[in-house]
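Asks: Sharing a structure with you now.
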Amino acid sequence: MPAPKKNMGPAGCTVVIIRDELLASGPAKMHPILDYKLHAKNNSMYNTPPCWTIYMCGLVYKHADANGGVVAAQERNRAKAHTIYEAVDASGGFYKGHAACRARSIMNVTFTLPSEELTNTFVKEAETHRLDGLKGHRALGGIRASIYNAFPLEGCQVLAAFMKEFAAKHG
């Protein structure tokens, strides 16, 4: 399973799960901040830990556990992404995904519209439906719907319905 990345908690915290025998076989002259053997020897307290970030990660873990764990979260995330990708795929080419189907993200659904003008109109009209933050990544452009773990399926359904209406109106 891929690393959780942003879904683990806020930036500044890294969780390393490593077998003891791998610790023993690491390079001898590592910079201390990258030396997992040193961190393990000091009970992960070699440097001042980012306490707030660790606390927030703990809240994320408790939320995940209370909602069925990692497997259930993955199922929910796949269903959310599917809802939006289905709108992309059913648009007759009005919306075009950035990634090949087999490489699609379930956290950031990205797609383009036929023109930059329509993209800007989409973003503005989406905001009137309380759908915000959809302007795409500065490097890719287009639209990016970030649907991390805490984002509800209902929000994806609202976006998919809006997409269908928008394509019918502007397509």
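Identifiers in this document derive from the order of the structure tokens: chains are assigned A, B, ..., residues are numbered from 1 separately in each chain, and ligands are numbered from 1 in order of occurrence.
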Would you return as a VMD selection string the members of chain A that DSSP assigns to strand (DSSP E or B) on this structure's backbone?

Replies: chain A and resid 96 to 97 108 to 112 135 143 to 146

Asks: Sorted by chain and rising residue number, which residues of stretch 70-115 of chain A lie within 12 Å of stretch 127-137 of chain A, and what are their closest atom pairs and distances in Å to one decimal, counting only C-alpha atoms, as a tab-separated table?

Replies:
residue	atom	partner	partner_atom	distance
A:Gly97	CA	A:Gly136	CA	11.9
A:His98	CA	A:Gly136	CA	10.9
A:Asn108	CA	A:Gly136	CA	9.9
A:Val109	CA	A:Gly136	CA	9.7
A:Thr110	CA	A:Gly136	CA	7.3
A:Phe111	CA	A:Gly136	CA	8.3
A:Thr112	CA	A:Gly136	CA	8.7
A:Leu113	CA	A:Gly136	CA	11.1

Asks: Which residues are close to stretch 157-168 of chain A, i.e. within 12 Å by only C-alpha atoms, leaving aside same-chain residues fewer than 5 positions away? Reply as a count of residues only.

Replies: 46

Asks: Write down as a count of residues only the residues of stretch 34-165 of chain A whose backbone DSSP state falls under alpha helix (DSSP H).

Replies: 69

Asks: Find the spatial neighbours of A:Pro10, counting only C-alpha atoms, within a cut-off of 8 Å - ignore same-chain residues fewer than 5 positions away - and output them as a JSON list (two decimals) with all heavy atoms, in the first residue's frame.

Replies:
[["chain", "number", "residue", "atom", "x", "y", "z"],
["A", 53, "THR", "N", 2.12, 18.51, 15.76],
["A", 53, "THR", "CA", 1.93, 17.66, 14.60],
["A", 53, "THR", "C", 1.69, 16.22, 15.04],
["A", 53, "THR", "O", 0.82, 15.53, 14.49],
["A", 53, "THR", "CB", 3.14, 17.76, 13.66],
["A", 53, "THR", "OG1", 3.34, 19.13, 13.32],
["A", 53, "THR", "CG2", 2.95, 16.96, 12.41],
["A", 56, "MET", "N", -1.83, 16.02, 16.36],
["A", 56, "MET", "CA", -2.81, 16.02, 15.26],
["A", 56, "MET", "C", -2.83, 14.68, 14.55],
["A", 56, "MET", "O", -3.90, 14.18, 14.18],
["A", 56, "MET", "CB", -2.51, 17.16, 14.28],
["A", 56, "MET", "CG", -2.70, 18.55, 14.89],
["A", 56, "MET", "SD", -4.34, 18.83, 15.61],
["A", 56, "MET", "CE", -5.36, 18.76, 14.16],
["A", 57, "CYS", "N", -1.66, 14.09, 14.33],
["A", 57, "CYS", "CA", -1.61, 12.75, 13.72],
["A", 57, "CYS", "C", -2.37, 11.75, 14.59],
["A", 57, "CYS", "O", -3.11, 10.91, 14.07],
["A", 57, "CYS", "CB", -0.18, 12.29, 13.52],
["A", 57, "CYS", "SG", 0.69, 13.15, 12.20]]

Asks: Between A:Ala11, A:Val60, A:Ala66, A:Leu140, which one has atoms that come closest to A:Ala99, using only C-alpha atoms?

Replies: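 Closest residue, counting only C-alpha atoms: A:Leu140.
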
Asks: Record the distance separating atom CA of A:Ile33 and atom CA of A:Tyr46, expressed in Å with one decimal.

Replies: 8.1 Å

Asks: Can you tell me, as a ChimeraX atom specification, what residues are no more than 12 Å from A:Arg19 when counting only C-alpha atoms, ignoring any on the same chain fewer than 4 positions away?

Replies: /A:23-26,36-37,40

Asks: Residues at most 12 Å from A:Asn47, counting only C-alpha atoms, excluding those fewer than 5 positions away in the same chain, as a compact mmCIF listing (two decimals) with C-alpha atoms, in the first residue's frame?

Replies:
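For reference, around.txt as written:
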# COMPACT_ATOMS: atom_id res chain seq x y z
CA PRO A 32 22.28 12.25 12.59
CA ILE A 33 18.87 13.46 11.42
CA LEU A 34 18.78 10.62 8.85
CA ASP A 35 20.26 7.96 11.14
CA LEU A 38 20.32 6.85 16.41
CA HIS A 39 16.64 7.78 16.58
CA ALA A 40 15.66 4.29 17.74
CA ASN A 42 16.99 7.59 21.72

Asks: Kindly give the distance, in Å, that separates atom CA of A:Asn43 and atom CA of A:Val70, rounded to a single decimal.

Replies: 25.7 Å
